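Enquirer: This one is target.cif, mmCIF, C-alpha atoms.
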```
data_upload
#
loop_
_atom_site.label_atom_id
_atom_site.label_comp_id
_atom_site.auth_asym_id
_atom_site.auth_seq_id
_atom_site.Cartn_x
_atom_site.Cartn_y
_atom_site.Cartn_z
CA MET A 11 -20.23 -27.65 -16.71
CA HIS A 12 -21.39 -29.61 -13.68
CA PHE A 13 -19.16 -31.99 -11.76
CA SER A 14 -20.73 -34.39 -9.30
CA LEU A 15 -19.31 -34.36 -5.80
CA TRP A 16 -18.35 -38.03 -6.02
CA LEU A 17 -16.40 -37.38 -9.24
CA ILE A 18 -14.47 -34.54 -7.61
CA PHE A 19 -13.58 -36.80 -4.66
CA THR A 20 -12.58 -39.61 -7.02
CA ILE A 21 -10.28 -37.35 -9.04
CA LEU A 22 -8.80 -35.97 -5.81
CA ALA A 23 -8.09 -39.54 -4.64
CA LEU A 24 -6.50 -40.35 -8.01
CA LEU A 25 -4.27 -37.27 -7.81
CA CYS A 26 -3.34 -37.94 -4.17
CA PHE A 27 -2.26 -41.54 -4.87
CA GLY A 28 -0.37 -40.40 -7.98
CA VAL A 29 1.48 -37.67 -6.08
CA VAL A 30 2.32 -40.16 -3.31
CA GLY A 31 4.31 -42.24 -5.83
CA LEU A 32 6.38 -39.20 -6.70
CA LEU A 33 6.86 -38.23 -3.03
CA GLN A 34 8.11 -41.75 -2.26
CA LYS A 35 10.87 -41.21 -4.81
CA VAL A 36 11.88 -37.66 -3.91
CA SER A 37 11.83 -38.37 -0.17
CA THR A 38 14.11 -41.42 -0.46
CA ASP A 39 16.52 -39.39 -2.59
CA LEU A 40 17.09 -37.31 0.55
CA VAL A 41 16.58 -39.62 3.57
CA SER A 42 16.79 -43.36 4.27
CA ALA A 43 13.82 -45.63 3.56
CA GLU A 44 13.48 -46.25 7.32
CA SER A 45 13.44 -42.55 8.14
CA ALA A 46 10.95 -41.92 5.32
CA LEU A 47 8.70 -44.65 6.73
CA ILE A 48 8.76 -43.17 10.25
CA TRP A 49 7.66 -39.77 8.92
CA LEU A 50 5.12 -41.35 6.58
CA ILE A 51 3.51 -43.05 9.58
CA ALA A 52 3.66 -39.73 11.47
CA GLY A 53 1.73 -38.19 8.57
CA PHE A 54 -0.90 -40.93 8.83
CA ILE A 55 -1.16 -40.35 12.59
CA LEU A 56 -1.94 -36.66 12.01
CA LEU A 57 -5.19 -37.77 10.37
CA GLU A 58 -6.20 -40.08 13.23
CA PRO A 59 -8.36 -37.45 15.02
CA PHE A 60 -10.57 -37.33 11.92
CA LEU A 61 -11.02 -41.10 11.98
CA TYR A 62 -11.30 -41.75 15.72
CA PRO A 63 -14.66 -43.46 16.28
CA GLY A 64 -14.86 -42.77 20.04
CA HIS A 65 -16.27 -45.35 22.42
CA ALA A 66 -17.70 -47.36 19.49
CA LEU A 67 -14.22 -48.80 19.16
CA LEU A 68 -14.82 -50.89 22.28
CA ASP A 69 -17.92 -52.49 20.77
CA TYR A 70 -16.07 -54.34 18.02
CA SER A 71 -14.82 -57.90 18.39
CA ALA A 72 -11.18 -58.54 19.32
CA ARG A 73 -10.86 -60.70 16.19
CA SER A 74 -11.77 -57.88 13.80
CA ILE A 75 -9.61 -55.38 15.69
CA GLY A 76 -6.72 -57.87 15.60
CA PHE A 77 -7.00 -58.31 11.82
CA LEU A 78 -7.04 -54.54 11.27
CA LEU A 79 -4.00 -54.04 13.49
CA ALA A 80 -2.26 -56.84 11.55
CA ALA A 81 -3.30 -55.05 8.33
CA GLY A 82 -1.50 -51.97 9.61
CA VAL A 83 1.66 -53.99 10.30
CA MET A 84 1.60 -55.39 6.74
CA ASN A 85 0.87 -51.95 5.27
CA ALA A 86 3.89 -50.58 7.13
CA LEU A 87 6.03 -53.48 5.87
CA GLY A 88 4.84 -52.93 2.28
CA SER A 89 5.40 -49.19 2.57
CA TRP A 90 8.92 -49.73 3.90
CA ALA A 91 9.67 -52.10 0.99
CA VAL A 92 8.40 -49.65 -1.64
CA LEU A 93 10.51 -46.89 -0.10
CA ALA A 94 13.51 -49.25 -0.03
CA ALA A 95 12.87 -50.07 -3.72
CA MET A 96 12.96 -46.36 -4.58
CA LYS A 97 16.04 -45.84 -2.40
CA SER A 98 17.79 -48.74 -4.17
CA GLY A 99 17.48 -46.97 -7.50
CA GLY A 100 14.04 -48.07 -8.71
CA LYS A 101 12.32 -45.49 -10.91
CA ALA A 102 9.01 -44.14 -9.59
CA SER A 103 7.45 -44.77 -13.00
CA VAL A 104 8.42 -48.47 -12.83
CA VAL A 105 8.10 -49.27 -9.10
CA VAL A 106 4.65 -47.66 -8.69
CA PRO A 107 2.87 -49.68 -11.45
CA LEU A 108 4.81 -52.81 -10.44
CA THR A 109 3.70 -52.58 -6.80
CA ALA A 110 0.15 -51.54 -7.76
CA ILE A 111 -0.55 -55.03 -9.08
CA TYR A 112 -0.68 -56.53 -5.57
CA PRO A 113 -4.35 -57.50 -6.13
CA ILE A 114 -3.12 -60.44 -8.23
CA VAL A 115 -1.69 -62.00 -5.05
CA VAL A 116 -4.96 -61.27 -3.24
CA CYS A 117 -6.83 -62.92 -6.09
CA ALA A 118 -4.53 -65.93 -5.99
CA VAL A 119 -5.05 -66.57 -2.27
CA THR A 120 -8.77 -65.76 -1.92
CA PRO A 121 -9.95 -69.14 -3.29
CA PHE A 122 -8.11 -70.79 -0.38
CA LEU A 123 -9.05 -68.25 2.29
CA PHE A 124 -12.60 -67.26 1.38
CA HIS A 125 -13.62 -70.12 -0.93
CA GLU A 126 -14.20 -67.62 -3.73
CA HIS A 127 -13.69 -68.61 -7.36
CA ILE A 128 -11.43 -66.78 -9.78
CA THR A 129 -13.56 -65.47 -12.65
CA ARG A 130 -12.36 -65.51 -16.25
CA MET A 131 -11.97 -61.72 -16.10
CA GLN A 132 -9.80 -61.99 -12.97
CA GLY A 133 -7.75 -64.66 -14.76
CA ILE A 134 -7.09 -62.14 -17.53
CA GLY A 135 -6.16 -59.60 -14.86
CA ILE A 136 -3.64 -62.04 -13.34
CA ALA A 137 -2.15 -62.72 -16.79
CA CYS A 138 -1.84 -58.97 -17.46
CA GLY A 139 -0.25 -58.45 -14.04
CA LEU A 140 2.31 -61.21 -14.54
CA GLY A 141 3.08 -59.89 -18.02
CA ALA A 142 3.53 -56.43 -16.54
CA ILE A 143 6.07 -57.71 -13.98
CA PHE A 144 8.04 -59.33 -16.79
CA LEU A 145 7.96 -56.25 -19.02
CA LEU A 146 8.60 -53.65 -16.30
CA ALA A 147 11.64 -55.66 -15.21
CA GLY A 148 12.96 -55.61 -18.79
CA MET B 6 19.09 -50.99 -19.39
CA PRO B 7 20.08 -54.22 -17.56
CA GLY B 8 17.46 -56.50 -19.17
CA ILE B 9 15.32 -58.94 -17.22
CA ILE B 10 18.22 -61.17 -16.06
CA GLY B 11 20.13 -58.11 -14.90
CA THR B 12 17.06 -56.71 -13.18
CA LEU B 13 16.66 -59.94 -11.18
CA LYS B 14 19.98 -59.04 -9.55
CA LEU B 15 18.80 -55.55 -8.59
CA ARG B 16 17.50 -54.93 -5.09
CA TRP B 17 14.73 -52.52 -6.11
CA PHE B 18 13.00 -55.31 -8.03
CA TRP B 19 12.90 -57.66 -5.03
CA TYR B 20 11.85 -54.86 -2.69
CA SER B 21 9.01 -54.13 -5.13
CA LEU B 22 7.89 -57.77 -5.00
CA LEU B 23 8.08 -57.66 -1.18
CA THR B 24 5.77 -54.64 -1.36
CA VAL B 25 3.34 -56.65 -3.48
CA VAL B 26 3.30 -59.41 -0.84
CA GLY B 27 3.01 -56.95 2.08
CA TRP B 28 0.17 -54.97 0.51
CA ALA B 29 -1.63 -58.15 -0.57
CA ALA B 30 -1.59 -59.35 3.06
CA TRP B 31 -2.73 -55.85 4.10
CA ALA B 32 -5.69 -56.07 1.67
CA VAL B 33 -6.67 -59.56 2.90
CA PHE B 34 -6.51 -58.59 6.59
CA LEU B 35 -8.37 -55.37 5.87
CA LYS B 36 -11.09 -57.32 4.08
CA ILE B 37 -11.51 -59.71 7.01
CA GLY B 38 -11.45 -56.94 9.64
CA SER B 39 -13.78 -54.67 7.67
CA VAL B 40 -16.61 -57.20 7.59
CA GLU B 41 -17.64 -56.02 11.05
CA ILE B 42 -15.94 -52.61 11.33
CA PRO B 43 -16.88 -49.63 9.07
CA SER B 44 -14.21 -48.00 6.89
CA GLU B 45 -13.21 -45.02 9.02
CA PRO B 46 -12.69 -46.89 12.33
CA ALA B 47 -11.00 -49.59 10.24
CA LEU B 48 -8.54 -47.03 8.87
CA PHE B 49 -8.01 -45.69 12.38
CA LEU B 50 -7.09 -49.18 13.60
CA GLN B 51 -4.87 -50.07 10.64
CA THR B 52 -2.91 -46.83 11.22
CA VAL B 53 -2.46 -47.84 14.87
CA GLY B 54 -1.11 -51.13 13.54
CA MET B 55 1.57 -49.23 11.58
CA VAL B 56 2.96 -47.60 14.71
CA PRO B 57 4.92 -50.60 16.15
CA LEU B 58 7.20 -50.77 13.09
CA ALA B 59 7.91 -47.03 13.38
CA ALA B 60 8.58 -47.52 17.12
CA ILE B 61 10.99 -50.41 16.43
CA LEU B 62 12.85 -48.33 13.82
CA LEU B 63 13.08 -45.42 16.26
CA LEU B 64 14.22 -47.57 19.21
CA THR B 65 16.83 -49.46 17.20
CA GLY B 66 18.10 -46.28 15.60
CA SER B 67 17.43 -47.66 12.11
CA GLY B 68 15.56 -44.53 11.21
CA ALA B 69 18.51 -42.38 12.11
CA GLY B 70 20.77 -40.97 9.45
CA PRO B 71 21.34 -37.68 7.78
CA ARG B 72 18.46 -35.37 8.71
CA ASN B 73 17.29 -33.57 5.66
CA LYS B 74 14.44 -31.14 6.23
CA LYS B 75 13.12 -31.49 2.68
CA GLY B 76 13.28 -35.29 2.90
CA VAL B 77 11.39 -35.26 6.20
CA ALA B 78 8.79 -32.84 4.80
CA TYR B 79 8.26 -34.99 1.69
CA SER B 80 7.90 -38.12 3.84
CA LEU B 81 5.44 -36.45 6.19
CA LEU B 82 3.46 -35.18 3.18
CA ASN B 83 3.57 -38.71 1.80
CA GLY B 84 1.66 -40.00 4.85
CA ILE B 85 -0.75 -37.04 4.98
CA ILE B 86 -1.58 -37.19 1.25
CA SER B 87 -1.98 -41.00 1.37
CA GLY B 88 -4.47 -40.58 4.21
CA ILE B 89 -6.30 -37.74 2.44
CA GLY B 90 -6.47 -39.90 -0.71
CA ILE B 91 -8.11 -42.71 1.26
CA LEU B 92 -10.55 -40.25 2.88
CA CYS B 93 -11.43 -38.82 -0.56
CA LEU B 94 -12.04 -42.34 -1.83
CA LEU B 95 -14.38 -43.06 1.08
CA ALA B 96 -16.12 -39.70 0.50
CA ALA B 97 -16.57 -40.57 -3.20
CA TYR B 98 -18.30 -43.83 -2.28
CA ARG B 99 -20.47 -42.04 0.28
CA SER B 100 -21.42 -39.26 -2.17
CA GLY B 101 -23.24 -41.71 -4.39
CA GLY B 102 -20.47 -42.58 -6.79
CA ASN B 103 -20.83 -45.78 -8.78
CA THR B 104 -18.54 -48.26 -7.02
CA SER B 105 -16.98 -49.58 -10.23
CA ILE B 106 -16.33 -46.16 -11.74
CA VAL B 107 -14.82 -44.81 -8.52
CA ALA B 108 -12.64 -47.92 -8.09
CA VAL B 109 -11.44 -47.99 -11.70
CA THR B 110 -10.76 -44.25 -11.93
CA SER B 111 -8.85 -44.07 -8.65
CA SER B 112 -6.84 -47.18 -9.55
CA LEU B 113 -5.27 -45.36 -12.50
CA TYR B 114 -2.89 -43.54 -10.14
CA PRO B 115 0.30 -45.15 -11.59
CA LEU B 116 -0.38 -43.14 -14.75
CA VAL B 117 -0.41 -39.92 -12.70
CA THR B 118 2.87 -40.94 -11.05
CA PHE B 119 4.32 -41.78 -14.45
CA ALA B 120 3.33 -38.36 -15.86
CA LEU B 121 4.72 -36.54 -12.82
CA ALA B 122 7.96 -38.56 -12.88
CA PHE B 123 8.32 -37.89 -16.61
CA PHE B 124 7.89 -34.13 -16.33
CA LEU B 125 9.43 -33.45 -12.90
CA LEU B 126 12.11 -36.14 -12.51
CA ARG B 127 12.85 -36.61 -16.23
CA GLU B 128 12.34 -40.37 -15.86
CA LYS B 129 12.03 -42.24 -19.13
CA LEU B 130 10.77 -45.74 -19.85
CA THR B 131 11.86 -48.09 -22.60
CA ARG B 132 9.20 -49.28 -25.07
CA VAL B 133 9.07 -52.63 -23.27
CA GLN B 134 8.56 -50.94 -19.89
CA MET B 135 5.90 -48.70 -21.45
CA LEU B 136 4.08 -51.82 -22.57
CA GLY B 137 4.50 -53.15 -19.01
CA LEU B 138 2.94 -49.95 -17.65
CA ILE B 139 -0.04 -50.42 -19.98
CA LEU B 140 -0.42 -54.09 -18.97
CA ALA B 141 -0.14 -53.21 -15.27
CA THR B 142 -2.81 -50.54 -15.72
CA ALA B 143 -5.06 -53.04 -17.51
CA SER B 144 -4.52 -55.55 -14.69
CA ILE B 145 -5.33 -52.96 -12.01
CA VAL B 146 -8.46 -51.82 -13.83
CA ILE B 147 -9.68 -55.42 -14.22
CA PHE B 148 -9.22 -56.10 -10.50
CA SER B 149 -10.99 -52.93 -9.50
CA LEU B 150 -14.10 -53.81 -11.55
#
```
What would the structure in this file look like if it were written as structure tokens?

Expert:
Amino acid sequence: MHFSLWLIFTILALLCFGVVGLLQKVSTDLVSAESALIWLIAGFILLEPFLYPGHALLDYSARSIGFLLAAGVMNALGSWAVLAAMKSGGKASVVVPLTAIYPIVVCAVTPFLFHEHITRMQGIGIACGLGAIFLLAG
Amino acid sequence: MPGIIGTLKLRWFWYSLLTVVGWAAWAVFLKIGSVEIPSEPALFLQTVGMVPLAAILLLTGSGAGPRNKKGVAYSLLNGIISGIGILCLLAAYRSGGNTSIVAVTSSLYPLVTFALAFFLLREKLTRVQMLGLILATASIVIFSL
């Protein structure tokens, strides 16, 4: 049996993101959401040497760098909120799928920001996402 | 189970919606910033952007509280495994994987969490929530196409 390299990486990514949902729950059973976030960010920082682009970083525009730094701030905020949701008693099996539907918000704002149209398929995706919020809250 | 009206009074539900808003903004900013900057430097920069919140929590003492070695280890692993997951995803794209297949497959992670939570944490879902999980998965798959 032959597995392509890309398939192995894809399955690894799937498993990593799945395990992360469980770790969010078990960590907030033991420490506060804020403490969990600090250590989560520390974990991210440990990988920075593998991502550091060197002097090329200085060649990029301040605008792009600014947006990526702002992305980090929003990622940290979202990560804190998901940890707080788990800490407040949310089940991992409910909170993880509920928070994974964030692309519906992205889809809702992109027509205004990027002048992109929502396709029929994306419309179905939004409907499924909204239905999921309703059902997971039930 | 509290039902939908009861759930609207629970904090975890509103925190979850705040996560949706936060991560949606993250995705939009990442999209704008990544037009010029390749994925790995982009990830480097977005991680730098996460540091101020950690610094504020440390300086204000909000991150203080009972120190639990297991809790700290799980949290640290959480960050490391998240980062490794992102690097694996980038590697999958670079190794010639079909963009749609990679995106759809990796987006099924809530099912992995559900299976792990079922077997390891003994979490159970109602039939309605199970249907919600299926709908959420369908929604995620559609958006990753």

Enquirer: Would you tabulate, counting all atoms listed in the file, all residues of chain A that have an atom at most 6 Å from an atom of chain B, showing the closest pair of atoms and their distance in Å to one decimal, sorted by chain then ascending number, as a tab-separated table?

Expert:
```
residue	atom	partner	partner_atom	distance
A:Trp16	CA	B:Ala97	CA	4.2
A:Phe19	CA	B:Ala97	CA	5.0
A:Thr20	CA	B:Ala97	CA	5.6
A:Ala23	CA	B:Gly90	CA	4.3
A:Leu24	CA	B:Ser111	CA	4.4
A:Cys26	CA	B:Gly90	CA	5.1
A:Phe27	CA	B:Tyr114	CA	5.7
A:Gly28	CA	B:Thr118	CA	4.5
A:Val30	CA	B:Asn83	CA	5.5
A:Gly31	CA	B:Thr118	CA	5.6
A:Leu32	CA	B:Thr118	CA	5.9
A:Leu33	CA	B:Asn83	CA	5.9
A:Ser37	CA	B:Gly76	CA	4.6
A:Leu40	CA	B:Gly76	CA	4.9
A:Val41	CA	B:Gly76	CA	5.5
A:Glu44	CA	B:Gly68	CA	4.7
A:Ser45	CA	B:Gly68	CA	4.2
A:Ala46	CA	B:Ser80	CA	5.1
A:Ile48	CA	B:Ala59	CA	5.0
A:Trp49	CA	B:Leu81	CA	4.8
A:Leu50	CA	B:Gly84	CA	4.1
A:Ile51	CA	B:Gly84	CA	5.9
A:Gly53	CA	B:Gly84	CA	4.1
A:Phe54	CA	B:Gly84	CA	4.8
A:Glu58	CA	B:Phe49	CA	6.0
A:Leu61	CA	B:Glu45	CA	5.4
A:Pro63	CA	B:Pro46	CA	5.6
A:Ser74	CA	B:Gly38	CA	4.3
A:Phe77	CA	B:Gly38	CA	5.1
A:Leu78	CA	B:Gln51	CA	5.0
A:Leu79	CA	B:Gly54	CA	4.1
A:Ala81	CA	B:Trp31	CA	4.3
A:Gly82	CA	B:Gln51	CA	4.0
A:Val83	CA	B:Met55	CA	4.9
A:Met84	CA	B:Trp31	CA	5.1
A:Asn85	CA	B:Trp31	CA	5.4
A:Ala86	CA	B:Met55	CA	5.2
A:Leu87	CA	B:Gly27	CA	6.0
A:Gly88	CA	B:Thr24	CA	4.1
A:Ala91	CA	B:Tyr20	CA	5.1
A:Val92	CA	B:Thr24	CA	5.6
A:Ala95	CA	B:Trp17	CA	3.9
A:Ser98	CA	B:Trp17	CA	5.2
A:Gly100	CA	B:Trp17	CA	5.2
A:Ser103	CA	B:Phe119	CA	4.6
A:Val106	CA	B:Pro115	CA	5.8
A:Pro107	CA	B:Pro115	CA	5.2
A:Thr109	CA	B:Val25	CA	5.3
A:Ile111	CA	B:Ile145	CA	6.0
A:Tyr112	CA	B:Val25	CA	4.5
A:Val115	CA	B:Ala29	CA	5.9
A:Val116	CA	B:Ala29	CA	5.3
A:Gly135	CA	B:Ser144	CA	4.4
A:Cys138	CA	B:Ser144	CA	5.2
A:Gly139	CA	B:Ser144	CA	5.2
A:Ala142	CA	B:Gly137	CA	4.2
A:Leu145	CA	B:Gly137	CA	4.6
A:Leu146	CA	B:Gln134	CA	4.5
A:Ala147	CA	B:Ile9	CA	5.3
A:Gly148	CA	B:Ile9	CA	4.4
```

Enquirer: Please, what distance in Å, to one decimal, runs between CA of Leu47 in chain A and CA of Leu93 in chain A?

Expert: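 Between these atoms lies a distance of 7.4 Å.
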
Enquirer: Work out how far apart CA of Phe144 in chain A and CA of Gly99 in chain A are and give it in Å to one decimal.

Expert: 18.1 Å

Enquirer: If you measure from CA of Thr104 in chain B to CA of Pro121 in chain A, what distance in Å do you get, rounded to one decimal?

Expert: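 Result for CA of Thr104 in chain B versus CA of Pro121 in chain A: 22.9 Å, one decimal.
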